[in-house]
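Source file structure-v6.txt; content: compact mmCIF, C-alpha atoms.
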```txt
# COMPACT_ATOMS: atom_id res chain seq x y z
CA MET A 1 0.00 0.00 0.00
CA ASP A 2 1.24 3.50 -0.88
CA PHE A 3 0.51 6.04 1.86
CA LEU A 4 1.65 9.03 -0.23
CA PRO A 5 0.81 10.01 -3.80
CA GLU A 6 3.45 8.57 -6.11
CA ASN A 7 4.75 11.96 -7.25
CA ILE A 8 5.12 13.20 -3.67
CA ASP A 9 6.82 9.97 -2.63
CA GLN A 10 9.28 10.29 -5.51
CA TYR A 11 10.01 13.91 -4.60
CA VAL A 12 10.78 12.85 -1.02
CA VAL A 13 13.18 10.16 -2.24
CA ASP A 14 14.82 12.49 -4.78
CA HIS A 15 15.53 15.07 -2.09
CA SER A 16 16.94 12.68 0.49
CA GLN A 17 20.48 11.35 0.80
CA LYS A 18 21.28 8.41 -1.47
CA GLU A 19 22.33 5.05 -0.06
CA PRO A 20 26.05 4.21 -0.01
CA LYS A 21 27.46 2.01 -2.76
CA ILE A 22 27.86 -1.03 -0.49
CA LEU A 23 24.17 -0.94 0.40
CA ARG A 24 23.18 -0.65 -3.25
CA GLU A 25 25.22 -3.79 -3.89
CA LEU A 26 23.68 -5.62 -0.95
CA SER A 27 20.19 -4.62 -2.04
CA ARG A 28 20.84 -5.84 -5.59
CA GLU A 29 22.21 -9.19 -4.41
CA THR A 30 19.31 -9.65 -1.99
CA TRP A 31 16.79 -9.12 -4.80
CA GLN A 32 18.70 -11.54 -7.01
CA LYS A 33 19.27 -14.39 -4.57
CA VAL A 34 17.03 -14.26 -1.49
CA LEU A 35 13.38 -15.10 -0.96
CA ASN A 36 11.03 -12.27 0.07
CA PRO A 37 13.39 -9.39 -0.87
CA ARG A 38 10.64 -6.91 0.06
CA MET A 39 11.70 -7.55 3.67
CA LEU A 40 14.73 -5.37 2.95
CA SER A 41 14.61 -1.96 4.65
CA GLY A 42 15.35 -0.22 1.36
CA ALA A 43 17.21 2.96 0.43
CA PHE A 44 14.91 5.66 1.84
CA GLN A 45 14.07 3.94 5.10
CA GLY A 46 17.68 2.88 5.43
CA ARG A 47 18.78 6.53 5.33
CA ILE A 48 16.26 7.27 8.08
CA LEU A 49 17.64 4.47 10.24
CA ALA A 50 21.19 5.67 9.63
CA MET A 51 20.22 9.25 10.49
CA ILE A 52 18.57 8.20 13.77
CA SER A 53 21.67 6.23 14.69
CA LYS A 54 23.95 9.17 13.86
CA LEU A 55 21.82 11.52 15.96
CA ILE A 56 21.98 9.39 19.10
CA MET A 57 25.43 7.78 18.53
CA PRO A 58 24.53 4.57 20.38
CA LYS A 59 27.15 2.50 22.14
CA THR A 60 24.97 -0.60 22.13
CA ILE A 61 22.39 -1.67 19.54
CA LEU A 62 20.14 -4.71 19.50
CA GLU A 63 18.51 -5.68 16.22
CA ILE A 64 15.76 -8.32 16.20
CA GLY A 65 15.62 -9.55 12.62
CA THR A 66 18.87 -9.35 10.64
CA TYR A 67 17.64 -10.62 7.25
CA THR A 68 20.57 -9.89 4.88
CA GLY A 69 22.17 -7.25 7.10
CA TYR A 70 21.06 -4.04 5.35
CA SER A 71 19.58 -2.31 8.40
CA ALA A 72 22.46 -3.43 10.62
CA LEU A 73 24.89 -1.65 8.30
CA CYS A 74 22.69 1.46 8.36
CA PHE A 75 22.77 1.52 12.16
CA ALA A 76 26.52 0.87 12.17
CA GLU A 77 27.06 4.23 10.46
CA GLY A 78 26.11 6.01 13.68
CA LEU A 79 27.79 3.74 16.22
CA ALA A 80 29.87 5.42 18.87
CA SER A 81 33.56 4.63 18.86
CA LYS A 82 33.97 0.99 19.93
CA GLY A 83 30.18 0.60 19.84
CA LYS A 84 28.58 -2.81 19.29
CA ILE A 85 25.59 -4.22 17.42
CA ILE A 86 24.03 -7.54 18.38
CA THR A 87 21.77 -8.75 15.59
CA ILE A 88 19.54 -11.82 15.84
CA ASP A 89 17.95 -13.90 13.09
CA LYS A 90 16.58 -17.42 12.99
CA ASN A 91 17.66 -18.10 9.39
CA GLU A 92 21.19 -19.50 9.43
CA GLU A 93 21.19 -19.73 5.62
CA LEU A 94 21.61 -15.96 5.40
CA GLU A 95 24.83 -15.82 7.45
CA THR A 96 27.14 -16.12 4.45
CA LEU A 97 25.56 -13.17 2.66
CA GLN A 98 25.48 -11.11 5.85
CA ASN A 99 29.16 -11.80 6.51
CA LYS A 100 30.17 -10.90 2.97
CA TYR A 101 28.87 -7.36 3.40
CA PHE A 102 29.80 -6.99 7.06
CA GLU A 103 33.39 -7.72 6.04
CA LYS A 104 33.29 -5.24 3.15
CA SER A 105 31.76 -2.51 5.34
CA GLY A 106 34.60 -2.13 7.81
CA PHE A 107 32.20 -2.76 10.72
CA ARG A 108 32.84 -6.50 10.98
CA ASN A 109 34.39 -6.30 14.46
CA GLN A 110 31.46 -4.26 15.78
CA ILE A 111 28.68 -6.58 14.62
CA GLU A 112 27.87 -9.76 16.53
CA GLN A 113 25.49 -12.17 14.82
CA LYS A 114 23.34 -14.59 16.76
CA VAL A 115 21.32 -17.30 15.04
CA GLY A 116 18.25 -18.72 16.73
CA ASN A 117 15.03 -17.83 18.49
CA ALA A 118 15.18 -14.22 19.69
CA LEU A 119 12.73 -15.00 22.50
CA GLU A 120 15.32 -17.38 23.92
CA ILE A 121 18.43 -15.35 23.10
CA ILE A 122 17.38 -11.93 24.44
CA PRO A 123 17.06 -13.04 28.09
CA THR A 124 20.68 -14.27 27.95
CA LEU A 125 22.05 -10.86 26.92
CA ASP A 126 23.72 -9.15 29.86
CA LYS A 127 23.71 -5.67 28.36
CA LYS A 128 21.83 -2.40 28.40
CA PHE A 129 20.95 -0.93 25.02
CA ASP A 130 20.81 2.59 23.61
CA LEU A 131 18.93 1.52 20.48
CA VAL A 132 16.73 -1.49 19.70
CA PHE A 133 15.22 -2.26 16.29
CA ILE A 134 12.28 -4.68 16.21
CA ASP A 135 11.76 -6.03 12.71
CA ALA A 136 11.07 -9.75 12.95
CA ASP A 137 7.92 -11.91 13.14
CA LYS A 138 5.00 -9.61 13.89
CA SER A 139 3.21 -12.18 16.03
CA ASN A 140 5.91 -11.73 18.68
CA TYR A 141 6.25 -7.93 18.73
CA VAL A 142 4.55 -7.62 22.13
CA ASN A 143 6.77 -10.38 23.52
CA TYR A 144 9.90 -8.71 22.17
CA PHE A 145 8.94 -5.41 23.75
CA HIS A 146 8.46 -6.95 27.17
CA LEU A 147 11.84 -8.68 26.88
CA ILE A 148 13.81 -5.59 25.89
CA ILE A 149 12.18 -2.75 27.83
CA ASP A 150 14.09 -3.47 31.05
CA LYS A 151 17.32 -3.76 29.06
CA MET A 152 17.07 -0.19 27.75
CA ASN A 153 19.17 2.70 29.00
CA SER A 154 17.27 5.82 30.02
CA GLY A 155 16.81 7.93 26.89
CA GLY A 156 17.23 4.85 24.73
CA ILE A 157 15.26 4.44 21.51
CA VAL A 158 13.08 1.52 20.42
CA LEU A 159 12.31 1.45 16.69
CA SER A 160 9.49 -0.79 15.47
CA ASP A 161 9.04 -1.52 11.78
CA ASN A 162 5.94 -2.45 9.72
CA VAL A 163 3.51 -1.11 12.31
CA LEU A 164 0.99 0.00 9.66
CA TRP A 165 1.09 -3.45 8.06
CA SER A 166 -0.04 -2.37 4.57
CA GLY A 167 -3.02 -0.57 6.10
CA LYS A 168 -4.51 -3.72 7.65
CA ILE A 169 -4.50 -2.06 11.07
CA VAL A 170 -7.47 0.11 10.02
CA GLU A 171 -9.40 -2.56 8.14
CA ALA A 172 -11.90 -5.09 9.46
CA LEU A 173 -9.90 -7.70 11.35
CA ASP A 174 -9.86 -11.23 10.00
CA PRO A 175 -10.09 -13.47 13.11
CA LYS A 176 -7.42 -15.73 11.58
CA ASP A 177 -4.97 -12.86 11.02
CA ILE A 178 -2.72 -13.21 14.06
CA ASP A 179 -0.08 -10.75 12.84
CA THR A 180 -2.53 -7.87 12.46
CA ARG A 181 -4.19 -8.65 15.78
CA VAL A 182 -0.84 -8.57 17.56
CA LEU A 183 0.21 -5.37 15.80
CA LEU A 184 -3.01 -3.69 16.93
CA ALA A 185 -2.23 -4.68 20.50
CA TYR A 186 1.40 -3.64 20.07
CA ASN A 187 0.60 -0.19 18.72
CA LYS A 188 -1.78 0.37 21.63
CA LEU A 189 0.88 -0.83 24.08
CA LEU A 190 3.47 1.59 22.72
CA ASN A 191 0.99 4.46 22.96
CA THR A 192 -0.05 3.74 26.54
CA ASP A 193 3.02 2.31 28.32
CA LYS A 194 4.11 5.06 30.71
CA ARG A 195 7.77 4.04 30.52
CA ILE A 196 8.09 5.38 26.99
CA GLU A 197 7.13 8.28 24.72
CA THR A 198 6.01 7.22 21.24
CA VAL A 199 5.51 8.71 17.80
CA LEU A 200 4.26 6.57 14.91
CA LEU A 201 5.60 7.80 11.58
CA PRO A 202 3.86 6.91 8.28
CA ILE A 203 7.21 6.06 6.67
CA ARG A 204 6.99 3.22 4.16
CA ASP A 205 5.06 0.50 6.06
CA GLY A 206 5.07 2.42 9.33
CA LEU A 207 7.97 3.11 11.71
CA THR A 208 7.43 3.83 15.39
CA ILE A 209 9.98 5.72 17.47
CA SER A 210 9.68 5.14 21.22
CA ARG A 211 11.92 6.92 23.71
CA VAL A 212 12.52 5.33 27.08
CA LYS A 213 12.04 7.78 29.95
```

Represent the supplied structure as structure tokens.
Amino acid sequence: MDFLPENIDQYVVDHSQKEPKILRELSRETWQKVLNPRMLSGAFQGRILAMISKLIMPKTILEIGTYTGYSALCFAEGLASKGKIITIDKNEELETLQNKYFEKSGFRNQIEQKVGNALEIIPTLDKKFDLVFIDADKSNYVNYFHLIIDKMNSGGIVLSDNVLWSGKIVEALDPKDIDTRVLLAYNKLLNTDKRIETVLLPIRDGLTISRVK
């Protein structure tokens, strides 16, 4: 679903910073070789993620949902000196592609990949985070939030992707549509939890910025 008229959307893209060459290459290879390439953050949203990271200069980042590593490399652009990204994905088949571009980026030593179930991995992480990006299975968004909220530093940022879910969040709910039902609950949670301040931005498929008090 397009939330902006096509000509306005194109104007926005044309007047925003372009993605770096390495990300163009990663995007191209993802579309050529990987299933569901639409899961990629993409050039415009990637520049937004990079800008947010540069503004807050996080020392510690947790990413839930690595896919081919595009968003991790965007966040790495704003890492503080000696900062660290932990990125989790359940698909071990994508590790080779991720590593190829992590090596080329110069951020290899600052990115730690974990393969497996994020619901099991997150409780084992003995860290506090300045930035968390939730972009994995929608049916577990509420669970992910409850796992990470006490691991956030004060002033930390939680970014949540796909929260508009192609507009399904304002349509009649199909009782069998678990993802949309969970996203509805998740969006309400982010707007009412007194530990955070939240703004939902209609960027691409919806991006929520929540600041931990």

Please, what is the axis-aligned box for every listed atom of range 136-155 of chain A with 4 Å on each side, as centre and edge lengths in Å to one decimal, as JSON?
```
{"center_x": 11.2, "center_y": -2.1, "center_z": 22.0, "size_x": 24.0, "size_y": 28.1, "size_z": 26.1}
```

Shortest interatomic distance to Lys114 in chain A - which of A:Ile134, A:Val158, A:Ala43, A:Leu62, counting all atoms listed in the file: A:Leu62

All residues 12 Å or closer to Lys188 in chain A, all atoms listed in the file, same chain fewer than 4 positions away omitted, as an MDAnalysis selection string: chainID A and resid 141:142 163 169 181:184 192:194 198:200 208

Gap from CA of Thr96 in chain A to CA of Thr68 in chain A - Å, one decimal: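 Computed distance, CA of Thr96 in chain A to CA of Thr68 in chain A, equals 9.1 Å.
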
Leu164 in chain A environment, 12 Å, only C-alpha atoms, sequence neighbours closer than 2 positions dropped, as a PyMOL selection string: chain A and resi 1-3+138+160-162+166-171+179-184+186-187+200-208

Residues within 12 Å of Pro37 in chain A, only C-alpha atoms, excluding chain neighbours under 5 positions, as a VMD selection string: chain A and resid 26 to 32 42 67 to 68 70

Residues of the last selection are to be written out with C-alpha atoms, as a CSV table (one decimal), in the frame of the given file.
```csv
chain,number,residue,atom,x,y,z
A,26,LEU,CA,23.7,-5.6,-1.0
A,27,SER,CA,20.2,-4.6,-2.0
A,28,ARG,CA,20.8,-5.8,-5.6
A,29,GLU,CA,22.2,-9.2,-4.4
A,30,THR,CA,19.3,-9.6,-2.0
A,31,TRP,CA,16.8,-9.1,-4.8
A,32,GLN,CA,18.7,-11.5,-7.0
A,42,GLY,CA,15.4,-0.2,1.4
A,67,TYR,CA,17.6,-10.6,7.2
A,68,THR,CA,20.6,-9.9,4.9
A,70,TYR,CA,21.1,-4.0,5.4
```

Among listed residues A:Ala80, A:Ser41, A:Gln98, A:Ile196, nearest Leu55 in chain A (using only C-alpha atoms):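 Of the candidates, the smallest distance to Leu55 in chain A is held by A:Ala80.
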
Residue nearest Ala72 in chain A - candidates A:Val132, A:Glu25, A:Ile178, A:Leu119, atoms counted: only C-alpha atoms: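 For Ala72 in chain A, the nearest of the given residues is A:Val132.
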
Pick from A:Leu173, A:Leu49, A:Leu97, A:Ile86, whichever lies nearest to Glu112 in chain A using all atoms listed in the file: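 Of the candidates, the smallest distance to Glu112 in chain A is held by A:Ile86.
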
One-decimal distance in Å that lies between CA of Asn191 in chain A and CA of Ile121 in chain A: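 Rounded to one decimal, the two atoms are 26.4 Å apart.
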
Close residues, range 73-77 of chain A itself excluded, 6 Å, all atoms listed in the file, min 5 positions apart in chain, as a PyMOL selection string: chain A and resi 46+50+53

Residue contacts of Lys84 in chain A (8 Å, only C-alpha atoms) excluding same-chain residues fewer than 5 positions away, as a list in words: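 My list of contacting residues is Lys59, Thr60, Ile61, Leu79, Gln110, Ile111 and Glu112 of chain A.
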
Atom pair CA of Met57 in chain A / CA of Arg108 in chain A: separation (Å):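 Taking CA of Met57 in chain A as the start and CA of Arg108 in chain A as the end point, the length is 17.8 Å.
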
Nearest to Leu94 in chain A, chosen from A:Val34, A:Ala172, A:Met152, A:Ile64, with all atoms listed in the file counted in the distances: A:Val34

Residue list as a PyMOL selection string for point (15.5, 7.0, 18.8), cut-off 9 Å, all atoms listed in the file: chain A and resi 52-53+55-56+130-132+155-159+209-212

Would you output that residue set with C-alpha atoms, as a short mmCIF file (atom, residue, chain, number, x, y, z; two decimals), in the frame of the given file?
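Result went into out-v1.cif, see below:
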```cif
data_model
loop_
_atom_site.label_atom_id
_atom_site.label_comp_id
_atom_site.auth_asym_id
_atom_site.auth_seq_id
_atom_site.Cartn_x
_atom_site.Cartn_y
_atom_site.Cartn_z
CA ILE A 52 18.57 8.20 13.77
CA SER A 53 21.67 6.23 14.69
CA LEU A 55 21.82 11.52 15.96
CA ILE A 56 21.98 9.39 19.10
CA ASP A 130 20.81 2.59 23.61
CA LEU A 131 18.93 1.52 20.48
CA VAL A 132 16.73 -1.49 19.70
CA GLY A 155 16.81 7.93 26.89
CA GLY A 156 17.23 4.85 24.73
CA ILE A 157 15.26 4.44 21.51
CA VAL A 158 13.08 1.52 20.42
CA LEU A 159 12.31 1.45 16.69
CA ILE A 209 9.98 5.72 17.47
CA SER A 210 9.68 5.14 21.22
CA ARG A 211 11.92 6.92 23.71
CA VAL A 212 12.52 5.33 27.08
#
```

For Lys128 in chain A, the nearest of the candidates A:Pro5, A:Pro20, A:Pro58, A:Pro175, counting all atoms listed in the file: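 Distance minimum relative to Lys128 in chain A lands on A:Pro58.
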